[in-house]
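Structure file input-v4.tsv with TSV, C-alpha atoms and all ligand atoms:
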chain	number	residue	atom	x	y	z
Y	1	MET	CA	113.28	119.07	92.76
Y	2	LEU	CA	115.94	121.33	94.19
Y	3	LEU	CA	116.69	122.84	97.54
Y	4	THR	CA	118.40	126.09	96.58
Y	5	GLY	CA	118.73	127.57	100.05
Y	6	ILE	CA	118.18	126.65	103.65
Y	7	ARG	CA	118.49	128.69	106.83
Y	8	LEU	CA	118.22	127.38	110.36
Y	9	GLU	CA	117.78	129.26	113.59
Y	10	ASN	CA	118.12	127.67	117.01
Y	11	TYR	CA	117.48	124.27	115.56
Y	12	ARG	CA	118.99	121.65	117.91
Y	13	ASN	CA	122.68	122.57	118.39
Y	14	ILE	CA	122.62	124.92	115.40
Y	15	ALA	CA	122.35	128.59	116.41
Y	16	GLY	CA	122.34	129.86	112.86
Y	17	ILE	CA	123.24	128.39	109.48
Y	18	ASP	CA	122.66	129.72	106.00
Y	19	LEU	CA	123.44	127.17	103.32
Y	20	ARG	CA	123.07	127.20	99.57
Y	21	PRO	CA	123.37	123.55	98.66
Y	22	SER	CA	124.89	122.54	95.36
Y	23	SER	CA	122.42	121.29	92.79
Y	24	GLN	CA	124.53	118.13	92.74
Y	25	ILE	CA	126.45	117.02	95.79
Y	26	THR	CA	126.90	118.86	99.07
Y	27	LEU	CA	129.20	117.12	101.47
Y	28	LEU	CA	129.23	117.93	105.16
Y	29	TYR	CA	132.00	116.44	107.19
Y	30	GLY	CA	132.96	116.70	110.81
Y	31	LEU	CA	133.44	114.78	114.01
Y	32	ASN	CA	130.62	113.05	115.82
Y	33	GLY	CA	128.12	115.18	117.66
Y	34	GLN	CA	128.71	118.35	115.63
Y	35	GLY	CA	125.23	118.67	114.13
Y	36	LYS	CA	125.52	116.98	110.73
Y	37	THR	CA	122.54	114.71	111.18
Y	38	ASN	CA	120.63	117.62	112.70
Y	39	LEU	CA	121.03	119.55	109.47
Y	40	LEU	CA	119.78	116.64	107.33
Y	41	GLU	CA	116.91	116.17	109.73
Y	42	ALA	CA	115.97	119.83	109.26
Y	43	VAL	CA	115.86	119.39	105.48
Y	44	TYR	CA	113.62	116.36	105.83
Y	45	LEU	CA	111.45	118.11	108.39
Y	46	LEU	CA	110.97	121.09	106.12
Y	47	GLY	CA	109.70	118.83	103.36
Y	48	THR	CA	107.36	116.66	105.40
Y	49	GLY	CA	106.51	118.62	108.52
Y	50	ARG	CA	107.84	115.76	110.61
Y	51	PRO	CA	111.34	114.62	111.59
Y	52	PHE	CA	112.77	111.29	110.38
Y	53	ARG	CA	113.92	110.44	113.85
Y	54	ASN	CA	111.23	109.63	116.33
Y	55	VAL	CA	111.31	112.77	118.45
Y	56	LYS	CA	109.09	115.38	120.00
Y	57	VAL	CA	108.97	118.96	118.79
Y	58	PRO	CA	110.50	120.53	121.95
Y	59	ASP	CA	113.63	118.38	121.44
Y	60	LEU	CA	114.20	120.11	118.12
Y	61	ILE	CA	114.50	123.55	119.69
Y	62	ARG	CA	117.94	124.57	120.83
Y	63	HIS	CA	118.34	124.10	124.57
Y	64	GLY	CA	117.67	127.32	126.43
Y	65	TRP	CA	115.60	128.85	123.60
Y	66	SER	CA	111.87	128.95	123.10
Y	67	ASN	CA	111.65	128.96	119.30
Y	68	ALA	CA	113.35	127.46	116.32
Y	69	ALA	CA	112.89	128.21	112.66
Y	70	ILE	CA	113.77	126.65	109.34
Y	71	TRP	CA	113.47	128.53	106.11
Y	72	GLY	CA	113.98	126.97	102.72
Y	73	GLN	CA	113.84	127.89	99.09
Y	74	VAL	CA	112.89	125.10	96.73
Y	75	GLN	CA	112.43	124.63	93.02
Y	76	THR	CA	109.75	122.20	91.98
Y	77	ALA	CA	108.85	121.77	88.33
Y	78	GLY	CA	110.82	124.95	87.65
Y	79	VAL	CA	108.74	126.99	90.10
Y	80	THR	CA	110.46	128.53	93.10
Y	81	SER	CA	108.71	128.49	96.44
Y	82	GLU	CA	109.56	129.32	99.99
Y	83	ILE	CA	108.78	127.02	102.85
Y	84	THR	CA	109.09	128.07	106.46
Y	85	LEU	CA	108.68	126.03	109.57
Y	86	GLN	CA	108.49	127.55	113.00
Y	87	LEU	CA	108.68	125.58	116.17
Y	88	GLU	CA	107.52	126.91	119.47
Y	89	GLY	CA	106.93	124.78	122.54
Y	90	ARG	CA	105.05	121.76	121.26
Y	91	HIS	CA	103.68	123.53	118.22
Y	92	ARG	CA	104.84	123.85	114.67
Y	93	ARG	CA	103.68	126.22	112.01
Y	94	VAL	CA	104.40	125.69	108.36
Y	95	THR	CA	104.00	128.20	105.55
Y	96	VAL	CA	104.41	127.85	101.82
Y	97	ASP	CA	104.92	131.15	100.01
Y	98	GLY	CA	103.70	133.02	103.05
Y	99	LYS	CA	100.47	131.08	103.40
Y	100	VAL	CA	99.93	128.98	106.51
Y	101	VAL	CA	99.65	125.30	105.71
Y	102	GLN	CA	96.69	123.76	107.52
Y	103	ARG	CA	97.07	120.18	106.42
Y	104	ALA	CA	100.30	118.27	105.94
Y	105	ALA	CA	99.12	117.28	102.46
Y	106	GLU	CA	99.46	120.89	101.25
Y	107	LEU	CA	103.19	120.61	101.72
Y	108	HIS	CA	103.27	117.45	99.71
Y	109	GLY	CA	105.52	117.24	96.68
Y	110	LYS	CA	107.28	120.57	97.32
Y	111	LEU	CA	110.41	119.11	98.83
Y	112	ALA	CA	110.47	115.35	98.94
Y	113	SER	CA	113.53	113.57	100.23
Y	114	VAL	CA	114.70	110.05	100.79
Y	115	VAL	CA	116.99	109.37	103.73
Y	116	PHE	CA	119.58	106.65	104.03
Y	117	SER	CA	121.06	106.52	107.51
Y	118	PRO	CA	122.48	104.01	109.99
Y	119	ASP	CA	119.06	103.97	111.67
Y	120	ASP	CA	117.58	102.63	108.46
Y	121	THR	CA	119.97	99.70	108.30
Y	122	ALA	CA	119.06	98.97	111.90
Y	123	MET	CA	115.44	98.33	110.91
Y	124	VAL	CA	116.47	94.98	109.42
Y	125	LYS	CA	117.14	93.67	112.90
Y	126	LEU	CA	114.62	95.63	114.92
Y	127	GLY	CA	111.01	94.68	115.57
Y	128	PRO	CA	108.08	95.07	113.15
Y	129	GLU	CA	107.28	98.55	114.42
Y	130	SER	CA	110.32	100.15	112.81
Y	131	ARG	CA	109.60	98.51	109.44
Y	132	ARG	CA	105.93	99.44	109.64
Y	133	ARG	CA	106.90	103.02	110.39
Y	134	TYR	CA	109.26	103.00	107.44
Y	135	LEU	CA	106.59	101.61	105.13
Y	136	ASP	CA	104.01	104.17	106.19
Y	137	ARG	CA	106.44	107.06	105.85
Y	138	ALA	CA	107.59	106.01	102.42
Y	139	LEU	CA	104.02	105.46	101.34
Y	140	TYR	CA	102.97	108.84	102.64
Y	141	SER	CA	105.77	110.64	100.84
Y	142	SER	CA	104.60	109.22	97.52
Y	143	ASN	CA	100.90	109.58	98.24
Y	144	ALA	CA	99.59	112.41	100.40
Y	145	GLY	CA	96.14	110.81	100.48
Y	146	PHE	CA	97.53	107.93	102.49
Y	147	LEU	CA	97.71	110.12	105.57
Y	148	HIS	CA	93.94	110.16	105.66
Y	149	GLU	CA	93.69	106.37	105.63
Y	150	TYR	CA	96.45	106.07	108.17
Y	151	HIS	CA	94.86	108.49	110.62
Y	152	ASP	CA	91.46	107.02	110.04
Y	153	TYR	CA	92.59	103.56	111.09
Y	154	TYR	CA	94.64	104.65	114.08
Y	155	ARG	CA	91.92	106.98	115.32
Y	156	THR	CA	89.39	104.17	115.12
Y	157	LEU	CA	91.78	101.82	116.88
Y	158	LYS	CA	92.22	104.31	119.68
Y	159	GLN	CA	88.48	104.66	120.09
Y	160	ARG	CA	87.93	100.92	120.09
Y	161	ASN	CA	90.66	100.52	122.71
Y	162	ALA	CA	89.12	103.25	124.86
Y	163	LEU	CA	85.83	101.42	124.63
Y	164	LEU	CA	87.45	98.13	125.61
Y	165	ARG	CA	88.60	99.80	128.80
Y	166	SER	CA	85.29	101.44	129.59
Y	167	SER	CA	82.42	99.90	131.49
Y	168	THR	CA	79.91	100.03	128.65
Y	169	THR	CA	80.98	97.94	125.72
Y	170	THR	CA	77.66	97.74	123.89
Y	171	ALA	CA	79.04	99.76	120.98
Y	172	LEU	CA	81.94	97.38	120.49
Y	173	ASP	CA	80.47	95.75	117.40
Y	174	ILE	CA	80.08	99.11	115.72
Y	175	TRP	CA	83.69	99.97	116.39
Y	176	SER	CA	84.84	96.58	115.18
Y	177	GLU	CA	83.00	97.18	111.90
Y	178	GLN	CA	84.62	100.61	111.62
Y	179	LEU	CA	88.02	99.17	112.33
Y	180	LEU	CA	87.45	96.53	109.69
Y	181	GLY	CA	86.59	99.12	107.05
Y	182	SER	CA	89.50	101.45	107.72
Y	183	GLY	CA	91.87	98.52	108.33
Y	184	ILE	CA	91.12	97.02	104.93
Y	185	ARG	CA	91.76	100.36	103.22
Y	186	LEU	CA	95.08	100.68	105.05
Y	187	MET	CA	96.14	97.12	104.18
Y	188	ARG	CA	95.32	97.61	100.50
Y	189	GLN	CA	97.45	100.74	100.30
Y	190	ARG	CA	100.38	99.06	102.03
Y	191	ASN	CA	100.08	96.01	99.83
Y	192	ARG	CA	99.91	98.01	96.62
Y	193	TYR	CA	102.93	100.11	97.57
Y	194	VAL	CA	105.06	97.08	98.40
Y	195	ARG	CA	104.15	95.47	95.08
Y	196	HIS	CA	105.29	98.61	93.24
Y	197	LEU	CA	108.53	98.70	95.18
Y	198	LEU	CA	109.55	95.07	94.73
Y	199	PRO	CA	110.80	95.06	91.10
Y	200	LEU	CA	112.60	98.35	91.68
Y	201	LEU	CA	114.28	96.96	94.78
Y	202	GLN	CA	115.41	93.83	92.92
Y	203	GLU	CA	116.89	95.86	90.12
Y	204	HIS	CA	118.82	98.17	92.46
Y	205	TYR	CA	120.02	95.31	94.62
Y	206	ARG	CA	121.40	93.47	91.61
Y	207	ARG	CA	123.28	96.57	90.56
Y	208	ILE	CA	124.59	97.46	94.03
Y	209	ALA	CA	125.56	94.00	95.20
Y	210	GLY	CA	126.62	92.89	91.74
Y	211	SER	CA	125.54	89.40	92.65
Y	212	GLY	CA	122.94	86.92	91.60
Y	213	GLU	CA	121.17	86.21	94.86
Y	214	PRO	CA	117.60	87.41	94.52
Y	215	VAL	CA	116.02	89.60	97.16
Y	216	GLY	CA	112.41	89.80	98.19
Y	217	LEU	CA	110.10	92.15	100.00
Y	218	THR	CA	106.85	90.84	101.38
Y	219	TYR	CA	104.08	92.70	103.03
Y	220	CYS	CA	102.96	90.61	105.99
Y	221	PRO	CA	99.58	91.73	107.19
Y	222	ASP	CA	98.71	90.52	110.68
Y	223	VAL	CA	95.23	89.56	109.50
Y	224	ASP	CA	93.73	88.79	106.11
Y	225	GLU	CA	91.03	91.04	104.77
Y	226	ALA	CA	88.68	88.08	104.63
Y	227	ASP	CA	89.01	87.04	108.24
Y	228	PHE	CA	89.77	90.30	110.03
Y	229	LEU	CA	86.26	90.55	111.47
Y	230	GLU	CA	86.32	86.94	112.58
Y	231	GLN	CA	89.67	87.54	114.29
Y	232	LEU	CA	88.24	90.53	116.11
Y	233	GLU	CA	85.37	88.43	117.34
Y	234	GLN	CA	87.63	85.61	118.40
Y	235	CYS	CA	89.85	87.99	120.34
Y	236	ARG	CA	86.98	89.82	121.95
Y	237	GLU	CA	87.51	88.32	125.39
Y	238	SER	CA	91.25	88.82	125.47
Y	239	ASP	CA	90.87	92.33	124.00
Y	240	LEU	CA	88.51	93.15	126.87
Y	241	ARG	CA	90.94	91.71	129.38
Y	242	HIS	CA	93.89	93.65	127.98
Y	243	GLY	CA	91.94	96.77	127.16
Y	244	ALA	CA	93.54	96.77	123.73
Y	245	THR	CA	92.94	95.37	120.26
Y	246	GLY	CA	95.24	92.39	119.75
Y	247	ARG	CA	94.96	91.85	116.03
Y	248	GLY	CA	94.96	94.13	113.02
Y	249	PRO	CA	97.10	96.23	110.66
Y	250	HIS	CA	98.75	97.91	113.65
Y	251	ARG	CA	100.63	94.59	113.94
Y	252	ASP	CA	101.65	94.35	110.29
Y	253	ASP	CA	105.22	93.67	109.27
Y	254	LEU	CA	107.39	93.93	106.23
Y	255	GLU	CA	109.63	90.97	105.50
Y	256	PHE	CA	113.05	91.36	103.89
Y	257	LEU	CA	114.33	88.28	102.10
Y	258	ILE	CA	117.55	87.18	100.52
Y	259	ASP	CA	117.62	83.98	98.52
Y	260	GLY	CA	114.17	83.26	99.91
Y	261	ARG	CA	115.35	83.41	103.52
Y	262	PRO	CA	115.05	86.14	106.17
Y	263	LEU	CA	117.67	88.82	105.62
Y	264	LYS	CA	117.76	89.41	109.38
Y	265	THR	CA	119.33	86.02	110.09
Y	266	PHE	CA	120.77	84.92	106.75
Y	267	GLY	CA	122.15	88.14	105.32
Y	268	SER	CA	125.64	89.36	106.10
Y	269	GLN	CA	125.97	92.90	107.40
Y	270	GLY	CA	127.10	93.99	103.94
Y	271	GLN	CA	124.08	92.37	102.33
Y	272	GLN	CA	121.78	93.99	104.86
Y	273	ARG	CA	123.21	97.41	104.09
Y	274	SER	CA	123.02	96.87	100.35
Y	275	PHE	CA	119.45	95.71	100.74
Y	276	VAL	CA	118.36	98.80	102.66
Y	277	LEU	CA	120.17	101.08	100.25
Y	278	ALA	CA	118.45	99.32	97.33
Y	279	LEU	CA	115.14	99.74	99.13
Y	280	LYS	CA	115.79	103.45	99.49
Y	281	LEU	CA	116.69	103.78	95.83
Y	282	ALA	CA	113.50	101.91	94.94
Y	283	GLU	CA	111.64	104.46	97.05
Y	284	LEU	CA	113.45	107.22	95.17
Y	285	ASP	CA	112.45	105.72	91.80
Y	286	HIS	CA	108.88	105.36	92.86
Y	287	LEU	CA	108.79	108.96	94.10
Y	288	GLN	CA	110.29	110.17	90.87
Y	289	GLN	CA	107.56	108.34	88.96
Y	290	THR	CA	104.77	109.81	91.05
Y	291	LEU	CA	106.17	113.34	91.43
Y	292	GLY	CA	107.60	113.64	87.96
Y	293	GLU	CA	111.05	114.64	89.19
Y	294	PRO	CA	113.65	113.12	91.46
Y	295	PRO	CA	113.45	113.86	95.20
Y	296	LEU	CA	116.52	114.84	97.23
Y	297	MET	CA	118.68	112.11	98.64
Y	298	LEU	CA	120.00	112.57	102.18
Y	299	LEU	CA	122.85	110.21	102.96
Y	300	ASP	CA	123.69	110.27	106.62
Y	301	ASP	CA	127.03	109.06	107.94
Y	302	ILE	CA	127.76	107.43	104.65
Y	303	ALA	CA	131.25	106.16	105.41
Y	304	SER	CA	129.93	104.13	108.32
Y	305	GLU	CA	127.47	102.38	106.03
Y	306	LEU	CA	129.25	101.83	102.76
Y	307	ASP	CA	132.75	101.08	101.57
Y	308	ARG	CA	134.67	103.27	99.16
Y	309	GLU	CA	133.58	101.47	96.03
Y	310	ARG	CA	129.91	101.43	96.97
Y	311	ILE	CA	130.01	105.17	97.79
Y	312	HIS	CA	131.62	105.81	94.44
Y	313	ASN	CA	129.00	103.79	92.58
Y	314	LEU	CA	126.14	105.30	94.51
Y	315	LEU	CA	127.24	108.88	93.93
Y	316	GLY	CA	127.88	108.15	90.26
Y	317	PHE	CA	124.40	106.70	89.95
Y	318	LEU	CA	122.73	109.64	91.71
Y	319	ARG	CA	124.64	112.13	89.63
Y	320	GLN	CA	123.60	110.46	86.42
Y	321	ARG	CA	120.00	110.56	87.62
Y	322	GLU	CA	120.39	114.27	88.43
Y	323	VAL	CA	119.44	113.78	92.05
Y	324	GLN	CA	120.44	116.54	94.45
Y	325	VAL	CA	122.42	114.90	97.25
Y	326	LEU	CA	123.33	116.00	100.77
Y	327	ILE	CA	125.87	113.76	102.43
Y	328	THR	CA	127.32	113.70	105.90
Y	329	THR	CA	130.43	111.83	106.87
Y	330	THR	CA	133.01	111.85	109.62
Y	331	THR	CA	135.77	111.40	107.09
Y	332	THR	CA	136.29	112.29	103.48
Y	333	VAL	CA	138.78	109.44	103.18
Y	334	GLY	CA	136.41	107.01	101.46
Y	335	ILE	CA	135.20	109.62	99.01
Y	336	ASP	CA	136.66	109.60	95.55
Y	337	PRO	CA	138.94	112.65	94.99
Y	338	GLY	CA	137.24	113.38	91.66
Y	339	MET	CA	133.89	113.36	93.39
Y	340	LEU	CA	135.22	115.63	96.15
Y	341	GLN	CA	136.35	118.17	93.59
Y	342	THR	CA	132.93	118.45	92.07
Y	343	SER	CA	131.07	118.58	95.39
Y	344	SER	CA	130.47	121.54	97.65
Y	345	LEU	CA	132.44	120.73	100.76
Y	346	TYR	CA	131.64	122.05	104.22
Y	347	ARG	CA	133.09	121.30	107.63
Y	348	MET	CA	130.60	121.08	110.50
Y	349	ASP	CA	131.92	122.14	113.85
Y	350	ALA	CA	129.74	122.54	116.94
Y	351	GLY	CA	126.74	123.58	114.89
Y	352	THR	CA	128.56	125.91	112.52
Y	353	LEU	CA	129.43	125.34	108.87
Y	354	THR	CA	132.62	126.39	107.17
Y	355	TYR	CA	132.80	126.32	103.41
Y	356	GLU	CA	135.95	124.57	102.30
Y	357	GLY	CA	135.96	125.84	98.81
Y	358	THR	CA	135.89	122.71	96.71
Y	359	GLY	CA	133.68	122.49	93.68
Y	360	PRO	CA	130.78	124.70	92.66
Y	361	ARG	CA	129.08	126.51	95.46
Y	401	LIG	N1	117.67	120.65	121.26
Y	401	LIG	C1	119.01	120.67	121.26
Y	401	LIG	N2	119.68	121.76	121.68
Y	401	LIG	C2	121.05	121.77	121.68
Y	401	LIG	N3	121.82	120.77	121.26
Y	401	LIG	C3	121.19	119.66	120.82
Y	401	LIG	C4	119.77	119.55	120.79
Y	401	LIG	N4	119.44	118.34	120.28
Y	401	LIG	C5	120.60	117.73	120.03
Y	401	LIG	N5	121.65	118.50	120.35
Y	401	LIG	C6	123.07	118.20	120.20
Y	401	LIG	O1	123.36	117.91	118.85
Y	401	LIG	C7	124.49	117.07	118.83
Y	401	LIG	C8	124.25	115.89	117.91
Y	401	LIG	O2	124.12	116.33	116.65
Y	401	LIG	P1	124.12	115.33	115.44
Y	401	LIG	O3	123.58	116.07	114.31
Y	401	LIG	O4	123.46	114.05	115.80
Y	401	LIG	O5	125.69	115.08	115.30
Y	401	LIG	P2	126.49	114.41	114.13
Y	401	LIG	O6	127.40	115.47	113.59
Y	401	LIG	O7	127.28	113.33	114.81
Y	401	LIG	O8	125.53	113.88	113.14
Y	401	LIG	C9	124.72	116.55	120.21
Y	401	LIG	O9	125.87	117.19	120.71
Y	401	LIG	C10	123.48	116.97	120.95
Y	401	LIG	O10	123.75	117.26	122.28
Y	402	MG	MG	125.14	111.89	112.73

This entry written out as structure tokens:
Amino acid sequence: MLLTGIRLENYRNIAGIDLRPSSQITLLYGLNGQGKTNLLEAVYLLGTGRPFRNVKVPDLIRHGWSNAAIWGQVQTAGVTSEITLQLEGRHRRVTVDGKVVQRAAELHGKLASVVFSPDDTAMVKLGPESRRRYLDRALYSSNAGFLHEYHDYYRTLKQRNALLRSSTTTALDIWSEQLLGSGIRLMRQRNRYVRHLLPLLQEHYRRIAGSGEPVGLTYCPDVDEADFLEQLEQCRESDLRHGATGRGPHRDDLEFLIDGRPLKTFGSQGQQRSFVLALKLAELDHLQQTLGEPPLMLLDDIASELDRERIHNLLGFLRQREVQVLITTTTTVGIDPGMLQTSSLYRMDAGTLTYEGTGPR
């Protein structure tokens, strides 16, 4: 899977950029606030139809403008296609080879990417919501069908909650049954995905950290399949009082473990970073297995996350796996000179890119 060209227009602070990324490593460096993450976000957005940061569409359009556009050329399984994404007001319009994409699933597998950014490391310490969001996103990128199950559950939840707040609650049992059905399907998908990821995570962690302490990843559903309905019945009164469903997969969590203990409290910062990186590489492996070719890897602000040696090892690993990589960094200091020479190097300055002539373009 290759991104051979990308053009942005009025996307965040970027008035206009036309980039032909290297098939190997493209390195974007520049001071903070110049638009490096914005560019990676645009790549991710083009592939999924949604940004990796939790934002609203109007925020993506350059201030003072009414539209933004992203255009990309990708090669998947040797076939070249063009993806465009237009943003206007709160709306987005995606086309693949000139045809308007109606459902997000149609975009699936054209341009998959895995992101590793400081925000990802933060999810170790944040609440369950950020880990749940991560899990669902990763799951969706490997399985377009998951979106259906996801929406199904959350739509049902919304309807049950609306009912809880209304004056006639006679249909509550019906909605509880519905929630049970879609909730179980959602939990099974999450559980299966986590089980696939675990051995891959362990293998990458061992390699990255070079140490013996085992890591674990556990899916922690808020309710068991077997007693979900009973829980709903038990919480009926408090659900009615709060006007919201208290228990269910919308409360699920993902537990990160090191040496059998919570990574959040027992892992050093370095271990937490290595863990999340290993998790991302596990996601990459899994995507490669399901898509038949490696996705792109987007490494945001890499020098803030990893030391020199880890960057070196990571880039070596990705190169050997023939993964196309886009990296942003505030400094090229931690990057191996040999690696720099074989990367395409660009400086990002107030939303503009300057090619700095190193490596193949
Ligand atoms: N819709 C927008 N219009 C114009 N500028 C924006 C918009 N959204 C974000 N920005 C600007 O983009 C810059 C941040 O870009 P970012 O990609 O996060 O920088 P960095 O190079 O540090 O990764 C900030 O200066 C911010 O004000
Ligand atoms: Mg940034």

- Close residues, Thr330 of chain Y itself excluded, 7 Å, all atoms listed in the file, min 5 positions apart in chain, as a ChimeraX atom specification: /Y:29-32,301

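One distance worth recording is that between atom CA of Gly351 of chain Y and atom CA of Leu60 of chain Y, which is 13.4 Å.
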
Would you give the centre and edge lengths, in Å to one decimal, of a box along x, y and z around the listed atoms of segment 164-173 of chain Y, with 8 Å added to each side, as AutoDock Vina command-line options?
--center_x 83.1 --center_y 98.6 --center_z 124.4 --size_x 26.9 --size_y 21.7 --size_z 30.1

- For each of Y:Asn13, Y:Thr76, Y:Thr290, Y:Gln202, take the minimum atom-to-atom distance to Ser141 of chain Y, counting only C-alpha atoms, then give the residue where this is smallest. Y:Thr290

- Please provide the set of residues having any atom within 8 Å of Ser66 of chain Y, restricted to all atoms listed in the file, with same-chain residues fewer than 3 positions apart removed, written as a ChimeraX atom specification. /Y:61-62,88-89

Mind dumping the selected residues with C-alpha atoms as a short mmCIF file (atom, residue, chain, number, x, y, z; two decimals), keeping the file's coordinate frame?
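What ended up in result39.cif:
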data_model
loop_
_atom_site.label_atom_id
_atom_site.label_comp_id
_atom_site.auth_asym_id
_atom_site.auth_seq_id
_atom_site.Cartn_x
_atom_site.Cartn_y
_atom_site.Cartn_z
CA ILE Y 61 114.50 123.55 119.69
CA ARG Y 62 117.94 124.57 120.83
CA GLU Y 88 107.52 126.91 119.47
CA GLY Y 89 106.93 124.78 122.54
#

- Message: What's around Glu233 of chain Y at 10 Å? Count only C-alpha atoms, leave out sequence neighbours fewer than 6 positions away in its own chain, and write the answer as a PyMOL selection string.
- Response: chain Y and resi 173+176+227+239

- So which residues touch Gln288 of chain Y within 12 Å, counting all atoms listed in the file, skipping near sequence neighbours fewer than 6 positions away, as a list in words? Met1, Ala77, Gly109, Leu111, Ala112, Ser113, Val114, Ser141, Ser142, Asn143, Leu281, Ala282, Pro294, Pro295, Leu296, Met297, Arg321, Glu322 and Val323 of chain Y

Show me, as a PDB file with C-alpha atoms, keeping the file's coordinate frame, the residues that have an atom within 9 Å of segment 41-43 of chain Y when counting only C-alpha atoms, minus same-chain residues fewer than 2 positions from it.
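Done, and the output landed in around37.pdb:
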ATOM      1  CA  LEU Y   3     116.690 122.840  97.540  1.00  0.00           C
ATOM      2  CA  ILE Y   6     118.180 126.650 103.650  1.00  0.00           C
ATOM      3  CA  LEU Y   8     118.220 127.380 110.360  1.00  0.00           C
ATOM      4  CA  TYR Y  11     117.480 124.270 115.560  1.00  0.00           C
ATOM      5  CA  LYS Y  36     125.520 116.980 110.730  1.00  0.00           C
ATOM      6  CA  THR Y  37     122.540 114.710 111.180  1.00  0.00           C
ATOM      7  CA  ASN Y  38     120.630 117.620 112.700  1.00  0.00           C
ATOM      8  CA  LEU Y  39     121.030 119.550 109.470  1.00  0.00           C
ATOM      9  CA  LEU Y  45     111.450 118.110 108.390  1.00  0.00           C
ATOM     10  CA  LEU Y  46     110.970 121.090 106.120  1.00  0.00           C
ATOM     11  CA  GLY Y  47     109.700 118.830 103.360  1.00  0.00           C
ATOM     12  CA  THR Y  48     107.360 116.660 105.400  1.00  0.00           C
ATOM     13  CA  PRO Y  51     111.340 114.620 111.590  1.00  0.00           C
ATOM     14  CA  PHE Y  52     112.770 111.290 110.380  1.00  0.00           C
ATOM     15  CA  ARG Y  53     113.920 110.440 113.850  1.00  0.00           C
ATOM     16  CA  ILE Y  70     113.770 126.650 109.340  1.00  0.00           C
ATOM     17  CA  GLY Y  72     113.980 126.970 102.720  1.00  0.00           C
ATOM     18  CA  LEU Y 111     110.410 119.110  98.830  1.00  0.00           C
ATOM     19  CA  SER Y 113     113.530 113.570 100.230  1.00  0.00           C
ATOM     20  CA  LEU Y 298     120.000 112.570 102.180  1.00  0.00           C
TER      21      LEU Y 298
END

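If all atoms listed in the file are the atoms counted, then among Y:Gln231, Y:Gln73, Y:Thr156, Y:Gln34 the closest residue to ligand LIG 401 (chain Y) is Y:Gln34.
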
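The interatomic distance for the pair atom CA of Tyr346 of chain Y and atom P2 of ligand LIG 401 (chain Y) works out to 13.5 Å.
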
- Can you work out the spacing between atom CA of His63 of chain Y and atom CA of Arg20 of chain Y in Å, to one decimal? 25.6 Å

- Task: In the coordinate frame of the file, compute which residues have an atom within 12 Å of (90.1, 99.0, 107.2) when using only C-alpha atoms, and state them as a ChimeraX atom specification.
- Result: /Y:148-157,175-190,221,223-226,228-229,248-250

Limit the output to C-alpha atoms and give segment 259-282 of chain Y as a compact mmCIF listing (two decimals), in the first residue's frame.
# COMPACT_ATOMS: atom_id res chain seq x y z
CA ASP Y 259 4.53 -8.25 34.57
CA GLY Y 260 0.90 -8.93 35.40
CA ARG Y 261 0.38 -5.46 36.90
CA PRO Y 262 -1.30 -2.34 35.50
CA LEU Y 263 1.05 -0.52 33.14
CA LYS Y 264 -0.56 2.77 34.17
CA THR Y 265 0.85 2.59 37.70
CA PHE Y 266 3.69 0.08 37.48
CA GLY Y 267 5.26 0.88 34.12
CA SER Y 268 7.93 3.53 33.73
CA GLN Y 269 7.34 6.19 31.11
CA GLY Y 270 9.76 4.37 28.82
CA GLN Y 271 7.91 1.10 29.28
CA GLN Y 272 4.60 2.81 28.61
CA ARG Y 273 5.91 4.25 25.36
CA SER Y 274 7.41 0.95 24.27
CA PHE Y 275 4.15 -0.77 25.09
CA VAL Y 276 2.06 1.60 22.97
CA LEU Y 277 4.53 1.41 20.12
CA ALA Y 278 4.42 -2.40 20.30
CA LEU Y 279 0.63 -2.22 20.31
CA LYS Y 280 0.72 -0.09 17.17
CA LEU Y 281 3.09 -2.49 15.46
CA ALA Y 282 0.79 -5.36 16.42
